[in-house]
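This is final-v9.txt. It holds compact mmCIF, C-alpha atoms.
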# COMPACT_ATOMS: atom_id res chain seq x y z
CA MET A 1 -22.83 -19.27 -13.61
CA ARG A 2 -24.85 -17.33 -11.05
CA VAL A 3 -24.90 -14.19 -8.93
CA ILE A 4 -23.45 -15.19 -5.56
CA ALA A 5 -24.75 -12.53 -3.15
CA GLY A 6 -26.80 -9.37 -2.82
CA LYS A 7 -30.11 -8.31 -4.29
CA ALA A 8 -29.76 -10.58 -7.37
CA ARG A 9 -28.46 -13.55 -5.34
CA SER A 10 -28.81 -17.01 -6.93
CA LEU A 11 -30.00 -15.72 -10.31
CA LYS A 12 -28.44 -17.69 -13.15
CA LEU A 13 -26.57 -15.74 -15.78
CA LYS A 14 -26.15 -16.56 -19.45
CA THR A 15 -22.73 -16.80 -21.05
CA PRO A 16 -21.81 -16.05 -24.65
CA GLU A 17 -21.54 -19.10 -26.87
CA GLY A 18 -18.15 -20.11 -28.22
CA LEU A 19 -14.62 -19.92 -26.90
CA GLU A 20 -14.04 -16.16 -27.22
CA THR A 21 -14.96 -15.50 -23.58
CA ARG A 22 -14.40 -17.49 -20.41
CA PRO A 23 -16.61 -16.80 -17.41
CA THR A 24 -14.98 -16.33 -14.03
CA THR A 25 -15.73 -19.38 -11.89
CA ASP A 26 -17.96 -19.02 -8.84
CA ARG A 27 -15.00 -19.91 -6.60
CA ILE A 28 -12.83 -17.11 -7.99
CA LYS A 29 -15.76 -14.68 -7.95
CA GLU A 30 -16.56 -15.44 -4.32
CA THR A 31 -12.91 -14.99 -3.28
CA LEU A 32 -12.63 -11.76 -5.25
CA PHE A 33 -15.80 -10.24 -3.83
CA ASN A 34 -14.93 -11.22 -0.28
CA MET A 35 -11.85 -9.01 -0.76
CA LEU A 36 -13.77 -6.21 -2.50
CA GLN A 37 -16.80 -6.01 -0.21
CA PRO A 38 -15.52 -3.04 1.86
CA TRP A 39 -15.20 -0.91 -1.29
CA LEU A 40 -18.44 -1.91 -3.05
CA PRO A 41 -21.26 0.02 -1.36
CA ASP A 42 -22.05 3.13 -3.43
CA SER A 43 -18.99 2.54 -5.65
CA ILE A 44 -18.27 3.19 -9.30
CA PHE A 45 -17.21 -0.20 -10.72
CA ILE A 46 -15.53 -0.72 -14.10
CA ASP A 47 -15.59 -4.23 -15.61
CA LEU A 48 -13.07 -4.37 -18.47
CA PHE A 49 -13.25 -7.25 -20.99
CA SER A 50 -16.70 -7.93 -19.50
CA GLY A 51 -17.65 -11.13 -21.33
CA SER A 52 -21.03 -12.11 -19.83
CA GLY A 53 -21.03 -9.17 -17.42
CA GLY A 54 -21.06 -11.49 -14.40
CA ILE A 55 -18.43 -9.56 -12.44
CA GLY A 56 -20.04 -6.14 -12.87
CA ILE A 57 -23.48 -7.58 -12.15
CA GLU A 58 -22.13 -9.15 -8.96
CA ALA A 59 -20.82 -5.71 -7.96
CA LEU A 60 -24.21 -4.10 -8.63
CA SER A 61 -25.96 -6.87 -6.72
CA ARG A 62 -23.69 -6.17 -3.73
CA GLY A 63 -24.32 -2.42 -3.66
CA ALA A 64 -22.22 -0.68 -6.31
CA ARG A 65 -23.90 2.56 -7.40
CA HIS A 66 -22.98 2.19 -11.07
CA ALA A 67 -21.06 -0.29 -13.23
CA TYR A 68 -19.43 0.25 -16.60
CA PHE A 69 -19.17 -2.83 -18.82
CA VAL A 70 -16.47 -2.57 -21.49
CA GLU A 71 -16.59 -5.18 -24.24
CA ASN A 72 -16.14 -5.14 -28.01
CA ASN A 73 -17.51 -8.62 -28.89
CA LYS A 74 -21.07 -8.23 -30.19
CA ASN A 75 -22.23 -11.65 -28.89
CA ALA A 76 -20.87 -10.81 -25.44
CA ILE A 77 -22.57 -7.41 -25.49
CA ALA A 78 -25.92 -9.04 -26.27
CA CYS A 79 -25.33 -11.45 -23.37
CA ILE A 80 -24.47 -8.58 -20.99
CA GLN A 81 -27.69 -6.78 -21.99
CA GLU A 82 -29.77 -9.93 -21.38
CA ASN A 83 -28.12 -10.53 -18.00
CA LEU A 84 -28.61 -6.93 -16.91
CA GLN A 85 -32.29 -7.06 -17.84
CA PHE A 86 -32.78 -10.44 -16.13
CA THR A 87 -31.15 -9.24 -12.89
CA LYS A 88 -32.97 -5.89 -13.04
CA THR A 89 -29.69 -3.93 -12.86
CA MET A 90 -29.86 -2.23 -16.28
CA ASP A 91 -30.66 1.21 -14.79
CA ASP A 92 -27.36 1.20 -12.89
CA ALA A 93 -25.21 0.09 -15.83
CA THR A 94 -23.49 1.55 -18.88
CA ILE A 95 -22.28 -0.73 -21.65
CA LEU A 96 -19.39 0.62 -23.70
CA LYS A 97 -18.99 -1.18 -27.04
CA GLN A 98 -15.33 -0.42 -27.65
CA ASP A 99 -11.78 -1.40 -26.84
CA VAL A 100 -10.55 -0.98 -23.28
CA LEU A 101 -8.13 1.92 -23.77
CA SER A 102 -10.69 4.01 -25.66
CA ALA A 103 -13.33 3.23 -23.06
CA LEU A 104 -11.16 4.26 -20.11
CA SER A 105 -10.60 7.68 -21.63
CA GLY A 106 -14.32 8.01 -22.35
CA ILE A 107 -15.63 7.24 -18.88
CA HIS A 108 -16.66 10.57 -17.43
CA GLU A 109 -16.56 9.67 -13.76
CA LYS A 110 -13.91 11.70 -11.96
CA GLU A 111 -12.72 8.57 -10.20
CA ALA A 112 -13.57 4.88 -10.29
CA ASP A 113 -13.57 2.96 -7.03
CA VAL A 114 -12.90 -0.51 -8.46
CA ILE A 115 -11.58 -1.61 -11.84
CA PHE A 116 -11.80 -5.32 -12.68
CA ILE A 117 -9.67 -6.50 -15.59
CA ASP A 118 -9.83 -9.97 -17.08
CA PRO A 119 -8.08 -9.68 -20.45
CA PRO A 120 -7.81 -12.55 -22.91
CA TYR A 121 -4.80 -14.54 -21.77
CA GLU A 122 -2.81 -13.79 -24.91
CA GLN A 123 -3.17 -10.03 -24.33
CA GLY A 124 -1.03 -9.89 -21.19
CA SER A 125 -1.65 -9.74 -17.51
CA ALA A 126 -4.08 -7.69 -15.51
CA ALA A 127 -1.16 -5.77 -14.03
CA ASP A 128 -0.31 -4.46 -17.50
CA ALA A 129 -3.86 -3.24 -18.01
CA CYS A 130 -3.90 -1.67 -14.53
CA ALA A 131 -1.29 0.79 -15.70
CA SER A 132 -4.07 3.01 -17.04
CA GLY A 133 -3.22 5.65 -14.46
CA ARG A 134 -6.79 5.79 -13.12
CA PRO A 135 -6.84 5.78 -9.32
CA ALA A 136 -8.83 2.76 -8.21
CA LEU A 137 -8.77 -0.56 -6.49
CA CYS A 138 -7.57 -2.64 -9.41
CA ASN A 139 -8.29 -6.37 -9.68
CA GLY A 140 -7.87 -8.92 -12.41
CA GLU A 141 -7.08 -12.46 -13.44
CA TYR A 142 -4.10 -14.17 -15.05
CA ALA A 143 -4.02 -17.85 -16.08
CA ALA A 144 -1.76 -20.06 -14.00
CA ARG A 145 -1.02 -22.03 -17.18
CA CYS A 146 0.64 -18.88 -18.55
CA GLY A 147 3.30 -19.08 -15.82
CA SER A 148 3.86 -17.16 -12.63
CA PRO A 149 3.16 -13.44 -13.03
CA GLU A 150 5.79 -10.94 -11.97
CA GLY A 151 5.15 -8.16 -9.51
CA ASN A 152 3.38 -7.56 -6.24
CA GLY A 153 -0.32 -7.96 -5.73
CA PHE A 154 -0.86 -11.45 -7.17
CA PHE A 155 -2.15 -14.48 -5.28
CA LEU A 156 -3.05 -17.95 -6.55
CA CYS A 157 -6.68 -19.09 -6.29
CA GLY A 158 -7.16 -22.55 -7.77
CA GLU A 159 -5.65 -22.34 -11.24
CA THR A 160 -5.99 -18.57 -11.56
CA TRP A 161 -3.68 -15.82 -10.40
CA VAL A 162 -5.73 -12.93 -9.04
CA TYR A 163 -4.31 -9.42 -9.05
CA HIS A 164 -5.22 -6.94 -6.32
CA ASN A 165 -3.66 -3.48 -6.03
CA LYS A 166 -4.78 -0.10 -4.66
CA ARG A 167 -3.78 2.82 -6.88
CA GLU A 168 -3.73 6.19 -5.16
CA MET A 169 -4.48 9.58 -6.67
CA LEU A 170 -1.43 10.98 -8.39
I need this file expressed as structure tokens, please.
Amino acid sequence: MRVIAGKARSLKLKTPEGLETRPTTDRIKETLFNMLQPWLPDSIFIDLFSGSGGIGIEALSRGARHAYFVENNKNAIACIQENLQFTKTMDDATILKQDVLSALSGIHEKEADVIFIDPPYEQGSAADACASGRPALCNGEYAARCGSPEGNGFFLCGETWVYHNKREML
């Protein structure tokens, strides 16, 4: 796994050992960030269920002002810290060692520009997690093997459904 573009381009990232996390493939990441590029410069980016931190680091590499990494697996957190140090993006990052719902209420930014959600497949779809009520461009993944997701905003990329939806201020 590597950073695809931006100031950390081509740097290889570590992934946590074991089967508890699954890194987003380069193909999915490239497709996702081609869609997100207009919203990335100077953005606040939230990476929920961060795993290795590859998605948030990609956002920082491409110009996000700050990224929040939300993860509660201690091996994944150690991996995120190593990857942030290696890519020299630690100063623009905050790692929150807690569950997603607690973290969302604890983020003190008035508004996030982009929220990326890649929950464990057994915990439901990204669309469910996007119901946090935070205004943002909300993106996530859903395994094609889990069936076709319901609702607008999904498109199939390889074997992964990707969710893309713009939430407006309420």
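For Gln37 (chain A), the residues within 10 Å (counting only C-alpha atoms, excluding itself and residues fewer than 6 positions away along the chain) are A:Ala59, A:Arg62, A:Gly63, A:Ala64.
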Mind dumping the selected residues with C-alpha atoms as a CSV table (one decimal), in the frame of the given file?
chain,number,residue,atom,x,y,z
A,59,ALA,CA,-20.8,-5.7,-8.0
A,62,ARG,CA,-23.7,-6.2,-3.7
A,63,GLY,CA,-24.3,-2.4,-3.7
A,64,ALA,CA,-22.2,-0.7,-6.3
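Counting from CA of Asn75 (chain A), the distance to CA of Val3 (chain A) is 20.3 Å.
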If you count only C-alpha atoms, which residues fall within 10 Å of Leu13 (chain A), apart from same-chain ones fewer than 6 positions away, as a PyMOL selection string?
chain A and resi 1-3+52-54+57+79-80+82-84+86-87
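Separating CA of Asp113 (chain A) from CA of Val100 (chain A) is a distance of 17.0 Å.
Of the residues listed (A:Ile115, A:Lys7, A:Thr24, A:Glu109), A:Ile115 shows the shortest atom-to-atom separation from Phe45 (chain A); distances use only C-alpha atoms.
Ranking A:Gln81, A:Thr25, A:Thr89, A:Asn72 by their shortest atom-to-atom distance to Ala103 (chain A), with all atoms listed in the file included, puts A:Asn72 first.
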Would you mind telling me which residue in A:Leu101, A:Met35, A:Ile95, A:Leu48 lies nearest to Phe116 (chain A) when using only C-alpha atoms?
A:Leu48
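Rounded to one decimal, CA of Pro16 (chain A) and CA of Lys29 (chain A) lie 17.8 Å from each other.
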